[in-house]
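Asks: Provided herewith: entry11.cif, mmCIF, C-alpha atoms.
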data_run
#
loop_
_atom_site.label_atom_id
_atom_site.label_comp_id
_atom_site.auth_asym_id
_atom_site.auth_seq_id
_atom_site.Cartn_x
_atom_site.Cartn_y
_atom_site.Cartn_z
CA MET O 1 8.10 34.79 -79.27
CA ASN O 2 7.30 33.48 -75.79
CA CYS O 3 7.29 35.34 -72.45
CA VAL O 4 10.94 34.65 -71.66
CA GLU O 5 12.04 35.80 -75.10
CA LEU O 6 9.91 38.90 -74.74
CA GLN O 7 11.52 39.74 -71.40
CA ASN O 8 15.00 39.24 -72.83
CA SER O 9 14.20 41.38 -75.84
CA LEU O 10 13.20 44.31 -73.63
CA ALA O 11 16.88 44.88 -72.80
CA GLU O 12 17.39 45.87 -76.43
CA VAL O 13 14.01 47.46 -77.23
CA GLU O 14 12.44 48.56 -73.98
CA ASP O 15 9.08 49.85 -75.22
CA GLY O 16 8.00 46.59 -76.86
CA SER O 17 7.64 48.20 -80.26
CA THR O 18 9.16 45.60 -82.57
CA VAL O 19 6.84 43.49 -84.70
CA GLU O 20 7.65 40.35 -82.72
CA GLN O 21 7.19 42.08 -79.39
CA ARG O 22 3.87 43.63 -80.43
CA ALA O 23 2.57 40.29 -81.66
CA HIS O 24 3.33 38.71 -78.29
CA LEU O 25 1.97 41.62 -76.27
CA MET O 26 -1.33 41.46 -78.17
CA GLU O 27 -2.02 38.06 -76.71
CA CYS O 28 -0.20 38.17 -73.35
CA PRO O 29 -1.69 40.35 -70.57
CA SER O 30 1.16 39.52 -68.14
CA CYS O 31 3.83 40.82 -70.47
CA THR O 32 1.70 43.86 -71.32
CA THR O 33 1.53 44.63 -67.61
CA LEU O 34 5.28 44.11 -67.31
CA VAL O 35 6.02 46.64 -70.07
CA LYS O 36 3.65 49.17 -68.48
CA GLU O 37 5.25 48.73 -65.06
CA LEU O 38 8.75 49.16 -66.43
CA ASP O 39 7.54 52.35 -68.12
CA LEU O 40 6.25 53.58 -64.77
CA ILE O 41 9.64 52.93 -63.17
CA ILE O 42 11.44 54.78 -65.98
CA ALA O 43 9.09 57.75 -65.62
CA ALA O 44 9.52 57.84 -61.84
CA ALA O 45 13.32 57.60 -62.10
CA GLY O 46 13.54 61.02 -63.73
CA ARG O 47 12.06 62.55 -60.60
CA LEU O 48 15.06 61.37 -58.55
CA GLN O 49 17.38 63.78 -60.34
CA GLY O 50 18.39 66.58 -58.00
CA ALA O 51 15.90 65.40 -55.41
CA ASP O 52 18.19 65.70 -52.39
CA GLU O 53 19.81 68.66 -50.69
CA PRO O 54 23.30 68.32 -49.19
CA SER O 55 23.88 69.43 -45.62
CA PRO O 56 25.24 73.01 -45.21
CA ARG O 57 28.29 71.30 -43.76
CA VAL O 58 29.37 70.31 -47.27
CA TRP O 59 29.77 73.92 -48.36
CA ASN O 60 31.46 74.81 -45.08
CA SER O 61 34.08 72.11 -45.59
CA LEU O 62 34.43 72.95 -49.26
CA GLU O 63 34.94 76.63 -48.58
CA MET O 64 37.54 75.82 -45.98
CA ALA O 65 39.36 73.55 -48.43
CA LEU O 66 39.21 76.25 -51.14
CA ARG O 67 40.76 78.76 -48.76
CA GLN O 68 43.42 76.29 -47.69
CA GLU O 69 44.40 75.73 -51.29
CA GLY O 70 44.36 79.45 -52.01
CA LEU O 71 41.64 79.08 -54.66
CA ILE O 72 39.53 81.71 -52.92
CA ARG O 73 41.57 84.85 -52.87
CA PRO O 74 40.74 87.82 -50.61
CA LYS O 75 40.43 91.14 -52.42
CA ARG O 76 42.73 93.88 -51.20
CA ALA O 77 40.38 96.72 -52.14
CA GLY O 78 36.92 96.05 -50.83
CA TRP O 79 37.92 92.48 -50.25
CA GLY O 80 36.21 92.37 -46.92
CA SER O 81 32.69 92.52 -48.34
CA ALA O 82 33.01 89.35 -50.37
CA PHE O 83 34.82 87.66 -47.53
CA SER O 84 32.20 88.70 -45.02
CA SER O 85 29.07 87.97 -47.05
CA SER O 86 30.30 84.46 -47.55
CA PHE O 87 31.02 83.95 -43.91
CA SER O 88 28.03 85.77 -42.53
CA ALA O 89 25.83 83.42 -44.53
CA ARG O 90 27.76 80.46 -43.24
CA TRP O 91 27.63 81.74 -39.71
CA GLY O 92 24.02 80.63 -39.48
CA ALA O 93 25.14 77.02 -39.55
CA ALA O 94 27.51 77.39 -36.63
CA ARG O 95 25.14 76.82 -33.80
CA TRP O 96 27.35 74.74 -31.59
CA LEU O 97 30.55 76.59 -31.04
CA VAL O 98 32.92 75.77 -28.28
CA PRO O 99 32.57 78.32 -25.51
CA ALA O 100 36.08 79.67 -25.88
CA ALA O 101 35.52 80.49 -29.53
CA ALA O 102 32.17 82.12 -28.79
CA MET O 103 33.57 84.26 -26.00
CA LEU O 104 36.49 85.43 -28.07
CA LEU O 105 34.20 86.23 -30.97
CA LEU O 106 32.06 88.32 -28.67
CA ALA O 107 35.11 90.23 -27.48
CA VAL O 108 36.32 90.78 -31.02
CA GLY O 109 32.83 91.78 -32.13
CA ILE O 110 32.60 94.47 -29.49
CA TYR O 111 36.04 95.66 -30.46
CA VAL O 112 35.52 95.89 -34.20
CA ARG O 113 32.18 97.65 -33.89
CA ARG O 114 33.58 100.42 -31.73
CA PRO O 115 33.47 103.69 -33.75
CA PHE O 116 37.06 104.74 -34.20
CA ALA O 117 36.35 107.98 -36.04
CA SER O 118 34.37 109.53 -33.23
CA ASN O 119 36.70 108.30 -30.56
CA PRO O 120 39.85 110.36 -30.05
CA SER O 121 41.52 107.48 -28.28
CA ALA O 122 40.86 105.12 -31.14
CA ARG O 123 44.53 104.71 -31.96
CA GLN O 124 45.20 103.85 -28.38
CA SER O 125 42.44 101.31 -28.20
CA SER O 126 43.80 99.52 -31.24
CA ALA O 127 46.72 98.62 -29.05
CA ILE O 128 44.34 96.46 -27.05
CA MET O 129 43.72 94.26 -30.03
CA PRO O 130 47.02 92.43 -30.20
CA ALA O 131 46.33 91.29 -26.67
CA VAL O 132 43.35 89.31 -27.98
CA LYS O 133 45.37 86.68 -29.71
CA SER O 134 44.07 83.77 -31.64
CA SER O 135 45.97 81.55 -29.25
CA GLU O 136 43.26 82.32 -26.70
CA LEU O 137 41.04 80.00 -28.69
CA ASN O 138 43.12 77.22 -27.16
CA ASP O 139 44.68 75.89 -30.31
CA ASP O 140 46.46 73.24 -28.28
CA ASP O 141 43.13 71.99 -26.94
CA LEU O 142 41.79 71.73 -30.45
CA ILE O 143 44.75 69.71 -31.64
CA GLN O 144 44.57 67.58 -28.51
CA GLU O 145 40.90 66.87 -29.25
CA VAL O 146 41.69 65.90 -32.83
CA THR O 147 44.65 63.78 -31.75
CA GLU O 148 42.44 61.83 -29.40
CA ASN O 149 39.42 61.41 -31.66
CA THR O 150 40.68 61.50 -35.24
CA PRO O 151 44.48 61.19 -35.23
CA ALA O 152 44.58 60.72 -38.99
CA MET O 153 43.22 64.25 -39.40
CA LYS O 154 45.75 65.88 -37.10
CA SER O 155 48.03 67.26 -39.80
CA GLN O 156 45.07 68.65 -41.76
CA TYR O 157 43.76 70.43 -38.69
CA GLU O 158 47.21 71.77 -37.84
CA ASP O 159 47.51 73.10 -41.36
CA SER O 160 44.01 74.62 -41.26
CA LEU O 161 44.70 76.19 -37.91
CA ARG O 162 47.96 77.70 -39.13
CA ARG O 163 46.23 79.18 -42.18
CA VAL O 164 43.31 80.59 -40.26
CA ASN O 165 45.67 82.18 -37.75
CA GLU O 166 47.53 83.74 -40.67
CA SER O 167 44.22 85.10 -41.98
CA ILE O 168 43.50 86.61 -38.59
CA GLN O 169 46.93 88.23 -38.49
CA GLU O 170 46.51 89.55 -42.02
CA ALA O 171 43.06 90.95 -41.29
CA GLN O 172 44.38 92.44 -38.05
CA GLY O 173 47.08 94.15 -40.11
CA PHE O 174 44.45 95.78 -42.30
CA VAL O 175 42.51 96.96 -39.25
CA ASP O 176 45.67 98.41 -37.75
CA GLU O 177 46.45 100.18 -41.04
CA SER O 178 42.94 101.55 -41.52
CA PRO O 179 41.05 101.53 -38.23
CA ASN O 180 37.99 103.22 -39.79
CA ASP O 181 37.70 100.77 -42.66
CA GLN O 182 34.48 98.84 -42.00
CA ASP O 183 35.39 96.18 -44.57
CA ALA O 184 38.65 95.49 -42.81
CA ARG O 185 36.83 95.20 -39.49
CA ARG O 186 34.28 92.82 -40.95
CA SER O 187 37.08 90.78 -42.43
CA LEU O 188 38.71 90.42 -39.07
CA MET O 189 35.42 89.26 -37.61
CA ASP O 190 35.05 86.82 -40.47
CA ALA O 191 38.50 85.42 -39.92
CA TYR O 192 37.51 84.68 -36.34
CA HIS O 193 34.31 83.12 -37.63
CA GLN O 194 36.41 80.89 -39.82
CA LYS O 195 38.39 79.81 -36.81
CA SER O 196 35.27 79.08 -34.82
CA MET O 197 34.02 76.96 -37.71
CA LEU O 198 37.21 74.97 -37.49
CA PHE O 199 36.55 74.37 -33.82
CA GLU O 200 33.01 73.35 -34.58
CA MET O 201 34.17 70.85 -37.16
CA ALA O 202 36.76 69.41 -34.83
CA MET O 203 34.15 68.86 -32.14
CA ASP O 204 31.43 67.63 -34.42
CA HIS O 205 32.70 66.31 -37.73
CA PRO O 206 36.27 65.70 -38.86
CA LEU O 207 37.62 67.24 -42.02
CA PRO O 208 37.20 64.93 -44.99
CA MET Q 1 18.41 68.82 -38.83
CA SER Q 2 14.88 69.30 -40.09
CA ALA Q 3 14.01 70.18 -43.66
CA ALA Q 4 12.79 73.53 -42.44
CA GLY Q 5 16.07 74.12 -40.69
CA LYS Q 6 18.01 73.41 -43.84
CA GLY Q 7 15.85 75.82 -45.75
CA ASP Q 8 16.51 78.57 -43.26
CA LEU Q 9 20.23 78.19 -43.73
CA THR Q 10 20.44 77.90 -47.46
CA GLU Q 11 17.66 80.01 -48.91
CA PRO Q 12 19.07 83.46 -48.14
CA ARG Q 13 22.35 82.49 -49.80
CA GLN Q 14 20.59 81.27 -52.90
CA ARG Q 15 18.62 84.49 -53.17
CA GLN Q 16 21.81 86.47 -52.75
CA ASN Q 17 23.44 84.66 -55.65
CA THR Q 18 20.61 84.66 -58.16
CA ASP Q 19 21.81 87.90 -59.75
CA LEU Q 20 25.00 86.25 -60.91
CA SER Q 21 24.74 84.53 -64.30
CA GLU Q 22 26.57 81.24 -64.65
CA ALA Q 23 29.01 82.63 -67.21
CA GLU Q 24 29.76 85.57 -64.96
CA ALA Q 25 30.14 83.30 -61.95
CA ILE Q 26 32.61 81.09 -63.85
CA GLU Q 27 34.73 84.07 -64.85
CA ARG Q 28 34.70 85.46 -61.33
CA ALA Q 29 35.49 82.03 -59.85
CA LYS Q 30 38.56 81.89 -62.08
CA LEU Q 31 39.72 85.03 -60.25
CA GLY Q 32 39.14 83.41 -56.87
CA ASP Q 33 35.88 85.15 -55.99
CA ALA Q 34 34.25 83.40 -53.03
CA GLU Q 35 30.70 84.46 -53.94
CA ALA Q 36 31.11 83.07 -57.43
CA PHE Q 37 32.24 79.71 -56.09
CA GLN Q 38 29.23 79.66 -53.82
CA ALA Q 39 26.84 80.68 -56.59
CA LEU Q 40 28.04 77.80 -58.75
CA TYR Q 41 27.81 75.43 -55.82
CA ASP Q 42 24.27 76.56 -54.97
CA LYS Q 43 23.15 76.10 -58.54
CA HIS Q 44 24.49 72.58 -58.99
CA LYS Q 45 24.72 71.11 -55.50
CA ARG Q 46 21.41 69.25 -55.55
CA ARG Q 47 22.10 67.40 -58.75
CA VAL Q 48 25.66 66.48 -57.82
CA TYR Q 49 24.72 65.40 -54.31
CA SER Q 50 21.68 63.43 -55.50
CA LEU Q 51 23.85 61.67 -58.08
CA CYS Q 52 26.38 60.72 -55.41
CA LEU Q 53 23.69 59.68 -52.96
CA ARG Q 54 21.82 57.52 -55.48
CA MET Q 55 24.99 55.81 -56.68
CA LEU Q 56 26.43 55.20 -53.22
CA ALA Q 57 23.31 54.86 -51.07
CA ASN Q 58 25.25 56.40 -48.19
CA THR Q 59 24.77 59.96 -46.94
CA ALA Q 60 28.22 60.50 -45.44
CA GLU Q 61 30.02 59.17 -48.50
CA ALA Q 62 27.75 61.20 -50.77
CA GLU Q 63 28.61 64.38 -48.86
CA ASP Q 64 32.31 63.65 -49.01
CA LEU Q 65 32.22 62.96 -52.73
CA THR Q 66 30.07 66.02 -53.43
CA GLN Q 67 32.76 68.08 -51.78
CA GLU Q 68 35.47 66.24 -53.69
CA ALA Q 69 33.69 66.75 -57.02
CA PHE Q 70 33.32 70.50 -56.47
CA LEU Q 71 36.87 70.77 -55.21
CA GLN Q 72 38.20 69.09 -58.35
CA LEU Q 73 35.97 71.32 -60.44
CA TYR Q 74 37.23 74.48 -58.79
CA ARG Q 75 40.84 73.37 -59.14
CA LYS Q 76 40.31 73.02 -62.88
CA ILE Q 77 37.95 75.92 -63.43
CA GLY Q 78 40.74 78.03 -64.90
CA THR Q 79 40.92 75.60 -67.82
CA PHE Q 80 37.19 75.77 -68.60
CA ARG Q 81 36.77 77.42 -71.99
CA GLY Q 82 33.04 76.96 -72.40
CA GLU Q 83 33.17 74.54 -75.34
CA SER Q 84 30.73 72.27 -73.53
CA ALA Q 85 28.04 73.13 -71.03
CA PHE Q 86 29.39 73.74 -67.58
CA SER Q 87 26.80 71.40 -66.07
CA THR Q 88 27.83 68.61 -68.45
CA TRP Q 89 31.44 69.09 -67.45
CA LEU Q 90 30.57 69.08 -63.75
CA HIS Q 91 28.33 66.02 -63.92
CA ARG Q 92 30.84 64.02 -65.92
CA LEU Q 93 33.47 64.94 -63.37
CA SER Q 94 31.12 63.96 -60.51
CA VAL Q 95 30.44 60.58 -62.10
CA ASN Q 96 34.18 60.01 -62.44
CA VAL Q 97 34.71 60.89 -58.78
CA VAL Q 98 32.06 58.38 -57.74
CA LEU Q 99 33.42 55.67 -60.04
CA MET Q 100 36.94 56.18 -58.73
CA HIS Q 101 35.57 55.82 -55.23
CA LEU Q 102 33.72 52.63 -56.12
CA ARG Q 103 36.82 51.22 -57.78
CA LYS Q 104 38.86 51.96 -54.68
CA LYS Q 105 36.30 50.05 -52.66
CA SER Q 106 36.48 47.23 -55.21
CA LEU Q 107 32.75 47.35 -55.71
CA PRO Q 108 31.47 45.41 -58.68
CA LEU Q 109 32.18 47.75 -61.53
CA VAL Q 110 34.73 45.18 -62.59
CA SER Q 111 32.31 42.28 -62.44
CA LEU Q 112 29.90 43.80 -64.92
CA GLU Q 113 31.03 41.53 -67.74
CA GLU Q 114 30.59 38.45 -65.59
CA THR Q 115 27.08 39.36 -64.61
CA THR Q 116 25.97 39.63 -68.23
CA GLN Q 117 26.04 35.86 -68.33
CA GLY Q 118 23.20 35.97 -65.86
CA THR Q 119 22.56 33.90 -62.83
CA GLU Q 120 19.54 31.84 -62.00
CA GLU Q 121 18.34 34.68 -59.82
CA ASP Q 122 18.74 37.25 -62.58
CA SER Q 123 17.10 35.20 -65.31
CA PRO Q 124 13.66 36.22 -66.48
CA LYS Q 125 10.92 34.77 -64.37
CA LYS Q 126 8.69 32.25 -65.98
CA ASP Q 127 6.21 32.24 -63.13
CA PHE Q 128 4.00 35.19 -63.84
CA GLY Q 129 1.52 34.06 -61.24
CA ALA Q 130 3.72 35.65 -58.58
CA ASP Q 131 3.02 39.13 -59.98
CA ASP Q 132 -0.25 39.52 -58.17
CA VAL Q 133 0.42 43.07 -56.92
CA ALA Q 134 0.16 45.59 -59.72
CA LEU Q 135 2.33 48.71 -59.90
CA ALA Q 136 -0.59 50.81 -61.00
CA GLY Q 137 -0.62 54.59 -60.83
CA SER Q 138 2.47 56.64 -60.04
CA ILE Q 139 5.38 55.31 -58.06
CA ASP Q 140 6.16 57.09 -54.83
CA ARG Q 141 9.54 58.84 -55.02
CA LEU Q 142 10.68 57.76 -51.57
CA GLN Q 143 9.74 54.16 -52.23
CA LEU Q 144 11.68 54.23 -55.46
CA GLN Q 145 14.67 55.82 -53.72
CA ARG Q 146 14.70 53.06 -51.13
CA ALA Q 147 14.40 50.42 -53.80
CA VAL Q 148 17.25 51.96 -55.82
CA ASP Q 149 19.37 52.12 -52.68
CA SER Q 150 18.90 48.40 -52.14
CA LEU Q 151 20.00 47.43 -55.66
CA PRO Q 152 23.40 45.77 -56.06
CA PRO Q 153 25.99 48.52 -56.77
CA GLY Q 154 26.57 47.52 -60.41
CA TYR Q 155 22.87 47.59 -61.26
CA ARG Q 156 22.40 50.78 -59.28
CA MET Q 157 25.14 52.59 -61.14
CA ILE Q 158 23.77 51.80 -64.60
CA PHE Q 159 20.19 52.59 -63.55
CA VAL Q 160 21.15 55.94 -62.03
CA LEU Q 161 23.30 56.95 -64.97
CA HIS Q 162 20.72 55.99 -67.60
CA ASP Q 163 17.27 56.42 -66.13
CA VAL Q 164 17.96 59.16 -63.57
CA GLU Q 165 20.78 61.17 -65.12
CA GLY Q 166 19.92 60.56 -68.77
CA TYR Q 167 23.21 59.17 -70.05
CA GLU Q 168 23.13 57.09 -73.24
CA HIS Q 169 24.37 53.51 -73.29
CA ASN Q 170 27.40 54.39 -75.39
CA GLU Q 171 28.39 57.04 -72.81
CA ILE Q 172 27.86 54.63 -69.93
CA ALA Q 173 29.92 51.98 -71.70
CA LYS Q 174 32.76 54.47 -72.02
CA ILE Q 175 32.48 55.71 -68.45
CA ALA Q 176 32.14 52.28 -66.84
CA GLY Q 177 34.48 50.47 -69.19
CA CYS Q 178 31.97 47.89 -70.36
CA SER Q 179 30.25 47.07 -73.65
CA ILE Q 180 27.05 48.79 -74.82
CA GLY Q 181 25.24 45.45 -74.74
CA ASN Q 182 26.40 44.95 -71.21
CA SER Q 183 25.05 48.33 -70.19
CA LYS Q 184 21.67 47.54 -71.76
CA SER Q 185 21.52 44.15 -70.13
CA GLN Q 186 22.44 45.54 -66.70
CA LEU Q 187 19.85 48.27 -67.01
CA HIS Q 188 17.12 45.82 -67.89
CA LYS Q 189 18.03 43.61 -64.95
CA ALA Q 190 18.12 46.63 -62.67
CA ARG Q 191 14.60 47.64 -63.74
CA MET Q 192 13.31 44.11 -63.27
CA LYS Q 193 14.86 43.97 -59.83
CA LEU Q 194 13.33 47.33 -58.93
CA ARG Q 195 9.96 46.11 -60.09
CA ASP Q 196 10.26 43.11 -57.79
CA LEU Q 197 11.33 45.29 -54.87
CA LEU Q 198 8.52 47.78 -55.39
CA LYS Q 199 5.96 45.00 -55.70
CA ALA Q 200 7.26 43.32 -52.56
CA ASN Q 201 6.99 46.65 -50.77
CA ARG Q 202 3.40 47.16 -51.93
CA ALA Q 203 2.46 43.60 -51.03
CA GLU Q 204 3.89 44.10 -47.55
CA LYS Q 205 1.95 47.34 -47.09
CA ALA Q 206 -1.23 45.75 -48.36
CA GLY Q 207 -0.75 42.86 -45.95
CA LYS Q 208 -0.25 45.24 -43.04
CA SER Q 209 -3.31 47.30 -43.86
CA ARG Q 210 -5.42 44.12 -44.14
CA ALA Q 211 -4.08 42.92 -40.78
CA GLY Q 212 -4.64 46.36 -39.21
#
Can the structure in the file be given as structure tokens, please?
Replies:
Amino acid sequence: MNCVELQNSLAEVEDGSTVEQRAHLMECPSCTTLVKELDLIIAAAGRLQGADEPSPRVWNSLEMALRQEGLIRPKRAGWGSAFSSSFSARWGAARWLVPAAAMLLLAVGIYVRRPFASNPSARQSSAIMPAVKSSELNDDDLIQEVTENTPAMKSQYEDSLRRVNESIQEAQGFVDESPNDQDARRSLMDAYHQKSMLFEMAMDHPLP
Amino acid sequence: MSAAGKGDLTEPRQRQNTDLSEAEAIERAKLGDAEAFQALYDKHKRRVYSLCLRMLANTAEAEDLTQEAFLQLYRKIGTFRGESAFSTWLHRLSVNVVLMHLRKKSLPLVSLEETTQGTEEDSPKKDFGADDVALAGSIDRLQLQRAVDSLPPGYRMIFVLHDVEGYEHNEIAKIAGCSIGNSKSQLHKARMKLRDLLKANRAEKAGKSRAG
């Protein structure tokens, strides 16, 4: 066996352990070095498995897609806690919200944290809430932005926007039904968070 | 975003989900539980993303396909009966997602058979005098990553599946639609090419340090 034959044979038996390979390696330092170097590469390759971390954006987009497809289902009883823990974790990633979304979130946040039980006019104040409509997040501006920058994504964003507005309405319904239910209040906040995430994605990174 | 920044965002979520066993998470995900989906994602995201990134050598595409792989997984999770390991199922699915993507881009999965004939460039080198820089000691992970990224897509795919992900040649042959001999040949050529790239990189560094 010569050097070329040895190299070719390594495709079949990579460790150079056949009788013919060993005989050649005994007398050929270059091929011995080659086998050792290939072993080093094989050993190092294993360290590439799971070596990289995806951006938090991947989960954000995935979660949004799961909600759009109805694969994540909100729980009626105590549903708000699962909904909110997921979104409160995600909220950390949303550093660059459009001002309109941030301002509306602030307004909603103040509203949902107000203690209804100790406030005799709680029922009255709930009437304020419908005035804070999701449309104040300038849905038209969002779609306009997408139309200008990523027209191919327009229908996806319209669909996402419709669904998130439905979530807000649904959560609002729970708050109206049970004004003292903290889970329901958190869920409403989370629904607005979801909307703000949509705005963030539109401004920063189109839906896949 | 810095590595530290990423850690700040993801670590609390991982801690929150550690109480959930994989079997429990799968059952809860079947019921549409958001936390369960996230727990499964947190557990497997690095391996799936790294697989996509190594095979595609493109961060944006790797992110998109990671999302696609998990989305497909979650769509089918109701059919998972636990006959095989969940991770095996997920990684096979991820590989299929990447291969579909490569096929759509007409990247050289299809030319594997042709390349087994070998070109002059691929043929074993007879001039061993060129190997004057030894690959002694351990190989730096980042250097190897860069070298893998610069491999031709067909070589890269076989190398990643076999040497990084641990697939056997018969599995790769089935996945990639080539013969077992072809898979072995491609892998050997990929390793030889990597060796050349790593040596060239070391020689360049050595030259720079001598000049400096």
Asks: Closest to O:Ile42 among O:Gly173, O:Asp15, O:Ser178, O:Glu148, using all atoms listed in the file?
Replies: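 The answer is O:Asp15, which sits nearest to O:Ile42.
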Asks: Please list as a PyMOL selection string every residue within 10 Å of Q:His91, counting only C-alpha atoms and excluding residues in the same chain fewer than 2 positions away.
Replies: chain Q and resi 44+47-48+51+69+73+86-89+93-97+165
Asks: With a distance threshold of 6 Å and counting only C-alpha atoms, extract the residues of chain Q near chain O and express them as a PDB file with C-alpha atoms, in the frame of the given file.
Replies:
ATOM      1  CA  GLY Q  32      39.140  83.410 -56.870  1.00  0.00           C
ATOM      2  CA  ASP Q  33      35.880  85.150 -55.990  1.00  0.00           C
ATOM      3  CA  ALA Q  34      34.250  83.400 -53.030  1.00  0.00           C
ATOM      4  CA  ARG Q  46      21.410  69.250 -55.550  1.00  0.00           C
ATOM      5  CA  ARG Q  47      22.100  67.400 -58.750  1.00  0.00           C
ATOM      6  CA  SER Q  50      21.680  63.430 -55.500  1.00  0.00           C
ATOM      7  CA  GLN Q  67      32.760  68.080 -51.780  1.00  0.00           C
ATOM      8  CA  LEU Q 135       2.330  48.710 -59.900  1.00  0.00           C
ATOM      9  CA  ASP Q 163      17.270  56.420 -66.130  1.00  0.00           C
ATOM     10  CA  VAL Q 164      17.960  59.160 -63.570  1.00  0.00           C
ATOM     11  CA  LYS Q 184      21.670  47.540 -71.760  1.00  0.00           C
ATOM     12  CA  SER Q 185      21.520  44.150 -70.130  1.00  0.00           C
ATOM     13  CA  HIS Q 188      17.120  45.820 -67.890  1.00  0.00           C
TER      14      HIS Q 188
END
Asks: With distances taken over only C-alpha atoms, which residue among Q:Asp196, Q:Gly181, Q:Gly166, Q:Gly154 lies nearest Q:Arg103?
Replies: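 Closest to Q:Arg103, using only C-alpha atoms: Q:Gly154.
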Asks: Between Q:Ala206, Q:Leu144, Q:Met100, Q:Met55, which is the closest to Q:Met157 once you count only C-alpha atoms?
Replies: Q:Met55
Asks: For the atom pair atom CA of O:His193 and atom CA of Q:Ala39, what is the interatomic distance in Å to one decimal place?
Replies: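 Computing the Euclidean distance for atom CA of O:His193 and atom CA of Q:Ala39 yields 20.5 Å.
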Asks: Between O:Tyr157, O:Arg185, O:Met26, O:Gly16, which one has atoms that come closest to O:Gln144, using all atoms listed in the file?
Replies: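 So, comparing all the options, the nearest one is O:Tyr157.
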